[in-house]
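Have a look at model_38.tsv; it's TSV, C-alpha atoms:
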```tsv
chain	number	residue	atom	x	y	z
A	1	MET	CA	5.21	84.30	70.21
A	2	LYS	CA	2.33	81.84	70.02
A	3	VAL	CA	2.98	78.87	67.73
A	4	ALA	CA	0.33	76.29	66.82
A	5	ILE	CA	1.72	73.10	65.29
A	6	VAL	CA	-0.78	70.95	63.41
A	7	GLY	CA	0.50	67.37	63.46
A	8	GLY	CA	2.02	65.50	66.37
A	9	GLY	CA	4.30	63.25	64.33
A	10	PRO	CA	8.11	63.32	64.49
A	11	SER	CA	8.59	66.71	62.80
A	12	GLY	CA	5.84	68.49	64.72
A	13	LEU	CA	6.95	67.22	68.13
A	14	PHE	CA	10.61	67.86	67.33
A	15	LEU	CA	9.88	71.45	66.30
A	16	ALA	CA	7.95	72.04	69.52
A	17	ILE	CA	10.84	70.65	71.57
A	18	LEU	CA	13.44	72.78	69.79
A	19	LEU	CA	11.41	75.96	70.23
A	20	ARG	CA	10.73	75.36	73.92
A	21	GLN	CA	14.40	74.53	74.57
A	22	ARG	CA	15.64	77.70	72.85
A	23	LEU	CA	12.97	80.34	73.50
A	24	ALA	CA	11.89	80.73	77.09
A	25	ASP	CA	8.82	82.84	76.28
A	26	VAL	CA	7.47	80.87	73.33
A	27	ASP	CA	3.95	79.47	73.66
A	28	VAL	CA	3.78	76.21	71.71
A	29	THR	CA	0.73	74.02	71.27
A	30	VAL	CA	0.55	70.82	69.21
A	31	TYR	CA	-2.67	69.41	67.73
A	32	GLU	CA	-2.74	65.74	66.71
A	33	GLN	CA	-5.80	63.99	65.28
A	34	ASN	CA	-4.73	60.46	66.29
A	35	PRO	CA	-4.55	59.00	69.80
A	36	ARG	CA	-1.29	59.40	71.71
A	37	ASP	CA	-0.54	55.68	71.45
A	38	ALA	CA	-1.60	55.18	67.81
A	39	THR	CA	0.59	52.44	66.32
A	40	PHE	CA	0.10	53.02	62.60
A	41	GLY	CA	3.18	51.96	60.66
A	42	PHE	CA	6.18	49.88	61.58
A	43	GLY	CA	9.82	50.99	61.69
A	44	VAL	CA	11.46	54.11	60.28
A	45	VAL	CA	15.09	54.76	59.36
A	46	LEU	CA	17.28	57.74	60.23
A	47	ALA	CA	20.45	57.75	58.15
A	48	ASP	CA	23.80	58.52	59.78
A	49	THR	CA	24.01	61.95	58.10
A	50	GLY	CA	20.59	62.85	59.41
A	51	LEU	CA	21.46	61.62	62.90
A	52	SER	CA	24.47	63.91	63.04
A	53	ARG	CA	22.24	66.92	62.33
A	54	LEU	CA	19.67	65.84	64.90
A	55	ARG	CA	22.49	65.35	67.39
A	56	ALA	CA	23.79	68.87	66.81
A	57	ALA	CA	20.30	70.37	67.22
A	58	ALA	CA	19.13	68.40	70.27
A	59	PRO	CA	21.81	66.09	71.70
A	60	ASP	CA	19.63	64.90	74.58
A	61	VAL	CA	16.79	63.86	72.28
A	62	CYS	CA	19.11	62.22	69.77
A	63	ALA	CA	20.91	60.25	72.49
A	64	ASP	CA	17.60	58.72	73.56
A	65	LEU	CA	16.73	57.89	69.97
A	66	GLU	CA	20.07	56.24	69.26
A	67	ARG	CA	19.78	54.04	72.34
A	68	ALA	CA	16.51	52.68	70.93
A	69	MET	CA	17.80	52.10	67.40
A	70	VAL	CA	18.96	49.03	65.54
A	71	PHE	CA	22.10	49.77	63.50
A	72	THR	CA	23.16	47.64	60.56
A	73	GLY	CA	26.26	48.33	58.48
A	74	CYS	CA	25.44	45.96	55.64
A	75	GLN	CA	22.77	45.93	52.94
A	76	THR	CA	21.92	43.19	50.46
A	77	ILE	CA	20.53	43.83	46.99
A	78	VAL	CA	19.06	40.79	45.25
A	79	LEU	CA	18.26	40.55	41.56
A	80	GLY	CA	16.23	37.43	40.94
A	81	ARG	CA	18.00	34.96	43.24
A	82	THR	CA	21.50	36.48	43.21
A	83	PRO	CA	22.50	38.61	46.22
A	84	VAL	CA	25.16	41.32	46.21
A	85	ARG	CA	26.29	42.45	49.67
A	86	ILE	CA	27.19	46.09	50.32
A	87	GLN	CA	29.23	46.81	53.43
A	88	ARG	CA	28.63	50.42	54.39
A	89	PRO	CA	31.33	52.62	55.91
A	90	GLY	CA	30.75	53.19	59.63
A	91	LYS	CA	27.76	51.76	61.45
A	92	GLY	CA	25.23	52.99	58.90
A	93	GLY	CA	21.80	54.34	59.65
A	94	GLY	CA	19.57	53.41	62.53
A	95	ALA	CA	16.04	51.97	62.46
A	96	ILE	CA	13.51	52.46	65.24
A	97	PRO	CA	9.87	51.47	65.78
A	98	ARG	CA	7.74	54.44	64.78
A	99	ILE	CA	5.78	54.19	68.02
A	100	ARG	CA	9.03	54.22	70.05
A	101	LEU	CA	10.26	57.28	68.14
A	102	LEU	CA	7.02	59.05	69.00
A	103	GLU	CA	7.16	57.93	72.64
A	104	ILE	CA	10.64	59.41	73.07
A	105	LEU	CA	9.62	62.71	71.51
A	106	GLN	CA	6.39	62.75	73.53
A	107	ALA	CA	8.35	62.23	76.76
A	108	HIS	CA	10.68	65.13	75.98
A	109	ALA	CA	7.71	67.34	75.09
A	110	GLN	CA	5.97	66.44	78.33
A	111	ARG	CA	9.07	67.22	80.43
A	112	LEU	CA	9.25	70.62	78.79
A	113	GLY	CA	5.59	71.32	79.56
A	114	ILE	CA	4.49	71.44	75.92
A	115	GLU	CA	0.74	71.20	75.50
A	116	VAL	CA	-0.18	68.41	73.07
A	117	HIS	CA	-3.84	67.80	72.22
A	118	TYR	CA	-4.39	64.23	71.02
A	119	GLU	CA	-7.51	62.99	69.21
A	120	HIS	CA	-8.10	66.62	68.25
A	121	ARG	CA	-9.30	67.17	64.71
A	122	LEU	CA	-9.41	70.86	63.95
A	123	GLY	CA	-12.55	72.08	62.27
A	124	SER	CA	-10.94	75.28	61.05
A	125	LEU	CA	-7.54	76.90	61.28
A	126	ASP	CA	-9.17	80.31	61.71
A	127	ALA	CA	-10.09	79.44	65.27
A	128	LEU	CA	-6.45	79.00	66.30
A	129	ASP	CA	-5.09	81.74	68.55
A	130	ALA	CA	-1.55	81.79	67.17
A	131	ASP	CA	0.97	84.13	65.59
A	132	LEU	CA	2.30	81.22	63.51
A	133	VAL	CA	0.57	78.06	62.31
A	134	VAL	CA	2.84	75.20	61.22
A	135	GLY	CA	1.58	72.43	58.96
A	136	ALA	CA	3.45	69.32	60.12
A	137	ASP	CA	0.51	67.13	59.22
A	138	GLY	CA	1.87	65.02	56.40
A	139	ILE	CA	0.89	64.30	52.83
A	140	ASN	CA	-2.82	64.90	53.49
A	141	SER	CA	-2.08	68.18	55.27
A	142	MET	CA	-5.10	70.14	56.45
A	143	VAL	CA	-2.98	73.29	56.66
A	144	ARG	CA	-1.96	72.98	53.02
A	145	GLN	CA	-5.42	72.00	51.79
A	146	ALA	CA	-6.92	75.04	53.53
A	147	ASP	CA	-4.99	77.33	51.15
A	148	GLU	CA	-3.66	75.44	48.14
A	149	THR	CA	-3.86	78.60	46.07
A	150	GLY	CA	-1.71	80.49	48.56
A	151	PHE	CA	0.86	77.71	48.72
A	152	GLN	CA	0.60	77.11	44.96
A	153	THR	CA	0.18	73.39	45.51
A	154	SER	CA	0.54	70.69	42.88
A	155	MET	CA	-0.05	66.97	43.34
A	156	SER	CA	0.33	63.96	41.09
A	157	HIS	CA	0.62	60.22	41.65
A	158	LEU	CA	3.22	57.69	40.53
A	159	THR	CA	2.11	54.51	38.79
A	160	ASN	CA	3.73	51.79	40.93
A	161	HIS	CA	1.61	50.25	43.71
A	162	PHE	CA	2.93	49.67	47.23
A	163	ALA	CA	1.90	48.81	50.79
A	164	TRP	CA	3.75	48.79	54.12
A	165	PHE	CA	3.82	45.56	56.11
A	166	GLY	CA	5.80	44.11	58.97
A	167	VAL	CA	7.44	40.75	59.63
A	168	ALA	CA	7.53	39.31	63.15
A	169	ARG	CA	11.26	38.69	63.21
A	170	PRO	CA	14.38	40.77	62.64
A	171	PHE	CA	16.05	40.16	59.28
A	172	GLU	CA	19.84	39.91	59.42
A	173	ASN	CA	20.27	43.20	57.57
A	174	PRO	CA	18.34	45.57	55.30
A	175	ALA	CA	17.72	44.28	51.80
A	176	LEU	CA	16.12	45.12	48.49
A	177	VAL	CA	14.88	42.21	46.41
A	178	PHE	CA	13.90	42.70	42.76
A	179	ARG	CA	12.16	39.69	41.23
A	180	GLU	CA	10.17	38.62	38.20
A	181	TYR	CA	7.34	36.19	38.93
A	182	ARG	CA	4.67	34.93	36.51
A	183	GLY	CA	5.48	37.81	34.18
A	184	GLY	CA	5.11	40.38	36.96
A	185	TYR	CA	7.83	42.63	38.40
A	186	PHE	CA	8.05	42.90	42.17
A	187	VAL	CA	10.18	44.67	44.79
A	188	ALA	CA	10.60	43.98	48.49
A	189	HIS	CA	12.21	46.65	50.67
A	190	TYR	CA	12.84	45.30	54.18
A	191	TYR	CA	14.91	46.09	57.26
A	192	PRO	CA	14.99	45.15	60.96
A	193	TYR	CA	13.94	47.84	63.41
A	194	SER	CA	13.75	46.02	66.76
A	195	ASP	CA	14.69	42.72	68.39
A	196	GLY	CA	11.49	41.14	67.12
A	197	MET	CA	10.26	43.05	64.07
A	198	SER	CA	11.14	44.21	60.57
A	199	THR	CA	9.51	46.58	58.11
A	200	PHE	CA	8.57	45.08	54.74
A	201	VAL	CA	7.47	47.39	51.91
A	202	ALA	CA	5.84	45.49	49.04
A	203	GLU	CA	5.86	47.10	45.58
A	204	CYS	CA	5.01	46.23	41.97
A	205	ASP	CA	4.71	48.17	38.75
A	206	HIS	CA	1.33	49.10	37.31
A	207	GLN	CA	1.54	46.61	34.44
A	208	THR	CA	1.98	43.81	36.97
A	209	TRP	CA	-1.00	45.15	38.92
A	210	LEU	CA	-3.12	44.82	35.78
A	211	ASP	CA	-1.65	41.64	34.29
A	212	LEU	CA	-2.02	39.62	37.49
A	213	GLY	CA	-5.47	41.02	38.25
A	214	MET	CA	-4.36	42.62	41.50
A	215	GLN	CA	-6.93	45.38	41.10
A	216	ASP	CA	-9.64	42.76	41.63
A	217	MET	CA	-7.92	40.91	44.51
A	218	SER	CA	-8.73	41.34	48.17
A	219	ASP	CA	-6.03	42.82	50.40
A	220	GLU	CA	-5.49	39.36	51.85
A	221	ALA	CA	-4.96	37.87	48.39
A	222	ARG	CA	-2.45	40.60	47.49
A	223	LYS	CA	-0.57	39.93	50.70
A	224	ALA	CA	-0.56	36.20	49.97
A	225	LEU	CA	0.84	36.86	46.48
A	226	PHE	CA	3.80	38.76	47.91
A	227	GLU	CA	4.33	36.04	50.51
A	228	THR	CA	4.64	33.60	47.60
A	229	VAL	CA	6.93	35.81	45.49
A	230	PHE	CA	9.26	36.38	48.45
A	231	ALA	CA	8.85	33.01	50.13
A	232	ASP	CA	12.62	32.43	50.27
A	233	GLU	CA	13.19	35.66	52.18
A	234	LEU	CA	10.19	35.24	54.50
A	235	ALA	CA	11.11	31.64	55.30
A	236	GLY	CA	7.63	30.75	56.43
A	237	ASP	CA	6.79	34.01	58.20
A	238	ALA	CA	3.64	35.87	57.21
A	239	LEU	CA	3.44	39.55	56.41
A	240	VAL	CA	1.86	41.49	59.27
A	241	SER	CA	-0.75	44.11	58.35
A	242	ASN	CA	-1.26	47.38	60.22
A	243	ASN	CA	-3.29	49.91	58.25
A	244	SER	CA	-1.46	48.38	55.24
A	245	GLN	CA	-3.28	50.15	52.45
A	246	TRP	CA	-2.28	49.71	48.81
A	247	ARG	CA	-1.45	53.09	47.31
A	248	GLN	CA	0.25	54.92	44.47
A	249	PHE	CA	2.74	57.40	45.83
A	250	PRO	CA	1.49	61.03	45.91
A	251	VAL	CA	4.03	63.60	44.71
A	252	VAL	CA	3.30	66.79	46.67
A	253	ARG	CA	4.99	70.07	45.75
A	254	ASN	CA	4.36	73.66	46.83
A	255	ALA	CA	5.87	76.60	44.97
A	256	ARG	CA	5.41	78.71	48.11
A	257	TRP	CA	6.55	77.41	51.50
A	258	HIS	CA	4.45	79.86	53.51
A	259	ALA	CA	1.25	81.82	53.00
A	260	GLY	CA	0.37	84.54	55.48
A	261	ASN	CA	1.21	83.23	58.95
A	262	ARG	CA	1.05	79.57	57.85
A	263	VAL	CA	4.07	77.48	56.91
A	264	LEU	CA	4.64	73.88	55.84
A	265	ILE	CA	7.31	71.34	56.80
A	266	GLY	CA	7.97	67.69	55.96
A	267	ASP	CA	5.63	65.77	53.64
A	268	ALA	CA	3.04	68.53	53.90
A	269	LEU	CA	5.51	70.65	51.92
A	270	THR	CA	7.27	68.14	49.67
A	271	SER	CA	6.76	64.39	49.80
A	272	ALA	CA	9.98	62.35	49.73
A	273	HIS	CA	9.75	58.90	48.15
A	274	PHE	CA	10.33	55.98	50.52
A	275	SER	CA	13.00	54.53	48.22
A	276	ILE	CA	15.55	57.06	49.50
A	277	GLY	CA	14.70	56.19	53.11
A	278	SER	CA	14.83	59.78	54.29
A	279	GLY	CA	11.27	61.04	54.73
A	280	THR	CA	11.40	61.28	58.53
A	281	ARG	CA	14.90	62.68	58.46
A	282	ILE	CA	13.98	65.37	55.91
A	283	ALA	CA	10.92	66.40	57.91
A	284	MET	CA	12.89	66.66	61.16
A	285	GLU	CA	15.61	68.67	59.40
A	286	ASP	CA	12.86	71.02	58.17
A	287	ALA	CA	11.89	71.43	61.82
A	288	ILE	CA	15.49	72.31	62.71
A	289	ALA	CA	15.66	74.94	59.97
A	290	LEU	CA	12.34	76.49	60.97
A	291	ALA	CA	13.32	76.55	64.64
A	292	ASP	CA	16.65	78.19	63.77
A	293	ALA	CA	14.82	80.88	61.77
A	294	ILE	CA	12.30	81.59	64.52
A	295	VAL	CA	15.04	81.86	67.15
A	296	ALA	CA	16.98	84.25	64.89
A	297	HIS	CA	13.87	86.42	64.33
A	298	PRO	CA	11.90	86.38	67.60
A	299	GLY	CA	8.62	88.21	67.23
A	300	ASP	CA	9.07	88.67	63.46
A	301	VAL	CA	6.99	85.94	61.86
A	302	ALA	CA	7.39	87.19	58.29
A	303	GLY	CA	11.15	87.55	58.70
A	304	ALA	CA	11.43	84.07	60.25
A	305	LEU	CA	9.51	82.45	57.40
A	306	ARG	CA	11.64	84.15	54.76
A	307	ALA	CA	14.79	83.08	56.59
A	308	TYR	CA	13.53	79.50	56.88
A	309	GLU	CA	12.92	79.18	53.16
A	310	THR	CA	16.16	80.92	52.20
A	311	ALA	CA	18.28	78.71	54.46
A	312	ARG	CA	16.55	75.38	53.88
A	313	LYS	CA	15.43	75.44	50.26
A	314	PRO	CA	18.79	74.76	48.51
A	315	GLU	CA	19.63	71.68	50.59
A	316	LYS	CA	16.09	70.34	50.49
A	317	ALA	CA	16.01	70.78	46.72
A	318	LYS	CA	18.98	68.40	46.44
A	319	LEU	CA	17.20	65.78	48.53
A	320	ILE	CA	13.94	66.13	46.61
A	321	ASP	CA	15.81	65.94	43.29
A	322	ALA	CA	17.35	62.69	44.54
A	323	SER	CA	13.89	61.46	45.52
A	324	GLU	CA	12.55	62.25	42.04
A	325	ALA	CA	15.47	60.53	40.31
A	326	SER	CA	14.95	57.50	42.55
A	327	TYR	CA	11.21	57.14	42.03
A	328	THR	CA	11.65	57.66	38.28
A	329	TRP	CA	14.09	54.74	38.31
A	330	TYR	CA	11.67	52.58	40.29
A	331	GLU	CA	8.83	53.41	37.92
A	332	ASP	CA	10.90	51.66	35.20
A	333	ILE	CA	11.92	48.55	37.18
A	334	ARG	CA	10.55	46.25	34.48
A	335	ARG	CA	13.23	47.54	32.13
A	336	TRP	CA	16.09	47.39	34.65
A	337	ILE	CA	15.27	43.92	35.97
A	338	SER	CA	15.22	42.59	32.42
A	339	SER	CA	18.33	44.40	31.16
A	340	TYR	CA	21.20	43.83	33.60
A	341	THR	CA	23.28	41.20	35.31
A	342	PRO	CA	23.14	41.37	39.14
A	343	HIS	CA	26.35	43.44	39.45
A	344	GLU	CA	25.36	45.77	36.61
A	345	PHE	CA	21.99	46.19	38.26
A	346	VAL	CA	23.49	47.10	41.65
A	347	TYR	CA	25.88	49.61	40.06
A	348	ARG	CA	23.00	51.26	38.21
A	349	PHE	CA	20.91	51.22	41.38
A	350	MET	CA	23.58	52.88	43.51
A	351	THR	CA	24.15	55.66	40.97
A	352	ARG	CA	20.47	56.18	40.06
A	353	THR	CA	19.98	59.54	41.84
A	354	GLY	CA	23.08	61.27	40.43
A	355	ARG	CA	24.33	62.05	43.95
A	356	VAL	CA	26.71	59.07	43.86
A	357	ASP	CA	29.21	58.56	41.05
A	358	LEU	CA	32.09	56.15	40.52
A	359	GLU	CA	34.58	58.32	42.38
A	360	ARG	CA	32.39	58.38	45.46
A	361	LEU	CA	31.82	54.64	45.21
A	362	LYS	CA	35.58	54.09	45.05
A	363	ARG	CA	36.09	56.13	48.23
A	364	GLN	CA	33.28	54.54	50.20
A	365	PHE	CA	33.07	51.02	48.74
A	366	PRO	CA	36.47	50.14	47.19
A	367	GLU	CA	35.97	46.38	47.52
A	368	LEU	CA	32.55	46.57	45.91
A	369	VAL	CA	33.89	48.63	42.98
A	370	ALA	CA	36.60	46.00	42.47
A	371	GLU	CA	33.84	43.38	42.47
A	372	PHE	CA	31.93	45.40	39.86
A	373	ALA	CA	35.02	45.64	37.67
A	374	ALA	CA	35.80	41.93	37.97
A	375	ALA	CA	32.22	41.11	36.96
A	376	GLY	CA	32.42	43.47	33.96
A	377	ALA	CA	29.58	45.49	35.46
A	378	LEU	CA	30.96	48.99	34.91
A	379	PRO	CA	30.10	50.91	31.75
A	380	ASP	CA	33.06	51.18	29.37
A	381	GLY	CA	33.61	54.82	30.27
A	382	ASP	CA	33.86	53.98	33.97
A	383	LEU	CA	35.95	50.83	33.73
A	384	ALA	CA	39.30	52.58	33.46
A	385	GLY	CA	38.49	54.79	36.41
A	386	ALA	CA	37.87	51.75	38.60
A	387	ARG	CA	41.41	50.48	38.16
```

Starting from the file, lay out its structure as structure tokens.
Amino acid sequence: MKVAIVGGGPSGLFLAILLRQRLADVDVTVYEQNPRDATFGFGVVLADTGLSRLRAAAPDVCADLERAMVFTGCQTIVLGRTPVRIQRPGKGGGAIPRIRLLEILQAHAQRLGIEVHYEHRLGSLDALDADLVVGADGINSMVRQADETGFQTSMSHLTNHFAWFGVARPFENPALVFREYRGGYFVAHYYPYSDGMSTFVAECDHQTWLDLGMQDMSDEARKALFETVFADELAGDALVSNNSQWRQFPVVRNARWHAGNRVLIGDALTSAHFSIGSGTRIAMEDAIALADAIVAHPGDVAGALRAYETARKPEKAKLIDASEASYTWYEDIRRWISSYTPHEFVYRFMTRTGRVDLERLKRQFPELVAEFAAAGALPDGDLAGAR
């Protein structure tokens, strides 16, 4: 079987590795439009649940990733100036520089003899000599855009504005800071991902964007505004830009996962909001599911694609539902920041997706639930259950 993978990011490279490891006669080629050493972005997070699945699929690859990761078992959520610390069970998820993640996957691909074409922008998919074409090329997927009718694509945009930055020091632990400033409502999502760097995602709601005239500011002025709003957390450090474009999150959905011999994975298929911290994990788990299906149906492309969708769709739907619940909550941050005490806010935040309820919180965070109860932060219906 000849497989052409469009996109040399984490999911595309991981799929190529899994196929070459499991099918001796597979012919895999990866096409990536960026240079091999492109350093767009900062750090990415792989949650502990996701790591366990990567470990089961490719233990050698996952071992290399884990050795390069920064693990932090504590998270801080700050409302205004009041922090609430959350001690996670276990060692928590791991963060890794995006470039280091790619380097590890590139090294494994090279050892397996996988052909990867960098700085290769395809003019047309029709020219590819392949039995199967995989779109692992992200939100702006060329594979998807070539046949949006076949995939039954829909796209919309959220209203909040955000940009990814870095900070040239490691924060003590991941944190989310929600703050009102000059009548505007702001969020900082940050986490350490190496000995010398942290990711810092800056976000505000659309009303803030308009009220503070951010639409007319330069990128440098917007960055300076966030440095002022979060001056306490930055402690004199500047935000570091790296292709740090201000955007409104695109919600990509496809009613059909495959069309003809073309199939989508990761953000090309369904974009996962950064607030659940699982975009890379979800994409790499898509790669696992597609590899499993191809291995189970060698030479039968149509059968493999049906099996991929059947096996993966129910679990992915849960994750995407959580993503939608989370971004809907973030779209209304003005209301939440204004309505709750810090402990009430954190309780509402932790239960925002519907995947976590009080019973789960009691099992995983008993001390935190006791803190919620003592602060009168639980809704009346949940208060008795916390005792």

| request: In the coordinate frame of the file, compute which residues have an atom within 7 Å of (9.9, 44.9, 43.5) when using only C-alpha atoms, and state them as an MDAnalysis selection string. | output: chainID A and resid 177:179 185:188 202:204

| query | Quick one: distance from CA of Leu225 (chain A) to CA of Glu331 (chain A) in Å, one decimal? | reply |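 These atoms are spaced 20.3 Å apart.
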
Assuming 8 Å of padding per side, give the centre and edge lengths of the axis-aligned box around every listed atom of region 70-86 of chain A, in Å to one decimal and as lines of an AutoDock Vina configuration file.
```
center_x = 21.7
center_y = 42.4
center_z = 53.2
size_x = 27.0
size_y = 30.8
size_z = 40.6
```

Name all residues at most 12 Å from Ile114 (chain A) (count only C-alpha atoms; drop same-chain ones fewer than 5 positions away) and give them as a short mmCIF file (atom, residue, chain, number, x, y, z; two decimals) with C-alpha atoms, keeping the file's coordinate frame.
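So the final result, stored in result_20.cif, reads:
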```cif
data_model
loop_
_atom_site.label_atom_id
_atom_site.label_comp_id
_atom_site.auth_asym_id
_atom_site.auth_seq_id
_atom_site.Cartn_x
_atom_site.Cartn_y
_atom_site.Cartn_z
CA VAL A 3 2.98 78.87 67.73
CA ALA A 4 0.33 76.29 66.82
CA ILE A 5 1.72 73.10 65.29
CA GLY A 8 2.02 65.50 66.37
CA GLY A 12 5.84 68.49 64.72
CA LEU A 13 6.95 67.22 68.13
CA PHE A 14 10.61 67.86 67.33
CA LEU A 15 9.88 71.45 66.30
CA ALA A 16 7.95 72.04 69.52
CA ILE A 17 10.84 70.65 71.57
CA LEU A 18 13.44 72.78 69.79
CA LEU A 19 11.41 75.96 70.23
CA ARG A 20 10.73 75.36 73.92
CA GLN A 21 14.40 74.53 74.57
CA ALA A 24 11.89 80.73 77.09
CA VAL A 26 7.47 80.87 73.33
CA ASP A 27 3.95 79.47 73.66
CA VAL A 28 3.78 76.21 71.71
CA THR A 29 0.73 74.02 71.27
CA VAL A 30 0.55 70.82 69.21
CA TYR A 31 -2.67 69.41 67.73
CA LEU A 105 9.62 62.71 71.51
CA GLN A 106 6.39 62.75 73.53
CA ALA A 107 8.35 62.23 76.76
CA HIS A 108 10.68 65.13 75.98
CA ALA A 109 7.71 67.34 75.09
#
```

Quick one: contact table of region 177-248 of chain A to region 61-72 of chain A, 10 Å max, nearest atom pair and distance in Å to one decimal per residue, counting only C-alpha atoms, chain and number order, as CSV?
```
residue,atom,partner,partner_atom,distance
A:Tyr191,CA,A:Thr72,CA,9.0
A:Pro192,CA,A:Val70,CA,7.2
A:Tyr193,CA,A:Val70,CA,5.6
A:Ser194,CA,A:Val70,CA,6.1
A:Asp195,CA,A:Val70,CA,8.1
```

| message | Neighbouring residues of Arg88 (chain A) were defined as those with any atom within 10 Å, considering only C-alpha atoms; residues of the same chain fewer than 4 positions away were excluded. Please report them as an MDAnalysis selection string. | response | chainID A and resid 72:75 92:93 364:365

| query | Which residues, written as a PyMOL selection string, have at least one atom at most 7 Å from region 240-252 of chain A, with all atoms listed in the file counted and residues fewer than 5 positions away on the same chain left out? | reply | chain A and resi 40-41+154-167+269-271

Emit the selected residues as a PDB file, keeping the file's coordinate frame, including C-alpha atoms.
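Written out: out-v4.pdb:
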```
ATOM      1  CA  PHE A  40       0.100  53.020  62.600  1.00  0.00           C
ATOM      2  CA  GLY A  41       3.180  51.960  60.660  1.00  0.00           C
ATOM      3  CA  SER A 154       0.540  70.690  42.880  1.00  0.00           C
ATOM      4  CA  MET A 155      -0.050  66.970  43.340  1.00  0.00           C
ATOM      5  CA  SER A 156       0.330  63.960  41.090  1.00  0.00           C
ATOM      6  CA  HIS A 157       0.620  60.220  41.650  1.00  0.00           C
ATOM      7  CA  LEU A 158       3.220  57.690  40.530  1.00  0.00           C
ATOM      8  CA  THR A 159       2.110  54.510  38.790  1.00  0.00           C
ATOM      9  CA  ASN A 160       3.730  51.790  40.930  1.00  0.00           C
ATOM     10  CA  HIS A 161       1.610  50.250  43.710  1.00  0.00           C
ATOM     11  CA  PHE A 162       2.930  49.670  47.230  1.00  0.00           C
ATOM     12  CA  ALA A 163       1.900  48.810  50.790  1.00  0.00           C
ATOM     13  CA  TRP A 164       3.750  48.790  54.120  1.00  0.00           C
ATOM     14  CA  PHE A 165       3.820  45.560  56.110  1.00  0.00           C
ATOM     15  CA  GLY A 166       5.800  44.110  58.970  1.00  0.00           C
ATOM     16  CA  VAL A 167       7.440  40.750  59.630  1.00  0.00           C
ATOM     17  CA  LEU A 269       5.510  70.650  51.920  1.00  0.00           C
ATOM     18  CA  THR A 270       7.270  68.140  49.670  1.00  0.00           C
ATOM     19  CA  SER A 271       6.760  64.390  49.800  1.00  0.00           C
TER      20      SER A 271
END
```

| Between A:Val78, A:Val134, A:Met1, A:Ile265, which is the closest to Asp232 (chain A) once you count all atoms listed in the file? | A:Val78

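Distances from A:Ile294, A:Ile276, A:Leu101, A:Met284 to Ala322 (chain A) were compared using only C-alpha atoms, and the smallest one belongs to A:Ile276.
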
| task | To one decimal in Å, tell me the separation between CA of Ala238 (chain A) and CA of His189 (chain A). | result |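 Spanning CA of Ala238 (chain A) to CA of His189 (chain A) is a straight-line distance of 15.2 Å.
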
| query | What separation in Å, quoted to one decimal, exists between CA of Glu359 (chain A) and CA of Asp380 (chain A)? | reply |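 For CA of Glu359 (chain A) relative to CA of Asp380 (chain A), the distance reads 14.9 Å.
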
| task | Would you mind telling me which residue in A:Lys362, A:Ser198, A:Val229, A:Glu309 lies nearest to Ala255 (chain A) when using only C-alpha atoms? | result |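 Closest to Ala255 (chain A), using only C-alpha atoms: A:Glu309.
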
| message | Calculated over all atoms listed in the file, which of the candidates A:Asp286, A:Asp332, A:Glu220, A:Asp300 has the smallest distance to Leu54 (chain A)? | response |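 That would be A:Asp286, the residue with the smallest distance to Leu54 (chain A).
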
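Nearest to Gly43 (chain A) of all the residues A:Ala58, A:Ile96, A:Ala373, A:Ile104 is A:Ile96, based on only C-alpha atoms.
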
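Ranking A:Leu319, A:Val116, A:Ile337, A:Leu358 by their shortest atom-to-atom distance to Arg281 (chain A), with only C-alpha atoms included, puts A:Leu319 first.
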
| message | Within 9 Å of (-11.5, 70.1, 58.0) in the file's own coordinates, which protein, DNA or RNA residues have an atom, counting all atoms listed in the file? List them as a list in words. | response |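 Every residue inside that radius is included here: Arg121, Leu122, Gly123, Ser124, Leu125, Met142, Gln145 and Ala146 of chain A.
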
How would region 182-189 of chain A look with N, CA and C atoms restored, written as a PDB file, in the frame of the given file?
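Just written: selection13.pdb:
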```
ATOM      1  N   ARG A 182       5.859  35.087  37.353  1.00  0.00           N
ATOM      2  CA  ARG A 182       4.670  34.930  36.510  1.00  0.00           C
ATOM      3  C   ARG A 182       4.460  36.126  35.586  1.00  0.00           C
ATOM      4  N   GLY A 183       5.572  36.668  35.087  1.00  0.00           N
ATOM      5  CA  GLY A 183       5.480  37.810  34.180  1.00  0.00           C
ATOM      6  C   GLY A 183       5.294  39.139  34.869  1.00  0.00           C
ATOM      7  N   GLY A 184       5.240  39.135  36.199  1.00  0.00           N
ATOM      8  CA  GLY A 184       5.110  40.380  36.960  1.00  0.00           C
ATOM      9  C   GLY A 184       6.448  40.798  37.542  1.00  0.00           C
ATOM     10  N   TYR A 185       6.574  42.074  37.875  1.00  0.00           N
ATOM     11  CA  TYR A 185       7.830  42.630  38.400  1.00  0.00           C
ATOM     12  C   TYR A 185       7.583  43.203  39.784  1.00  0.00           C
ATOM     13  N   PHE A 186       8.318  42.649  40.763  1.00  0.00           N
ATOM     14  CA  PHE A 186       8.050  42.900  42.170  1.00  0.00           C
ATOM     15  C   PHE A 186       9.304  43.407  42.882  1.00  0.00           C
ATOM     16  N   VAL A 187       9.076  44.191  43.949  1.00  0.00           N
ATOM     17  CA  VAL A 187      10.180  44.670  44.790  1.00  0.00           C
ATOM     18  C   VAL A 187       9.789  44.482  46.243  1.00  0.00           C
ATOM     19  N   ALA A 188      10.740  44.012  47.038  1.00  0.00           N
ATOM     20  CA  ALA A 188      10.600  43.980  48.490  1.00  0.00           C
ATOM     21  C   ALA A 188      11.680  44.860  49.103  1.00  0.00           C
ATOM     22  N   HIS A 189      11.274  45.825  49.909  1.00  0.00           N
ATOM     23  CA  HIS A 189      12.210  46.650  50.670  1.00  0.00           C
ATOM     24  C   HIS A 189      12.031  46.219  52.138  1.00  0.00           C
TER      25      HIS A 189
END
```
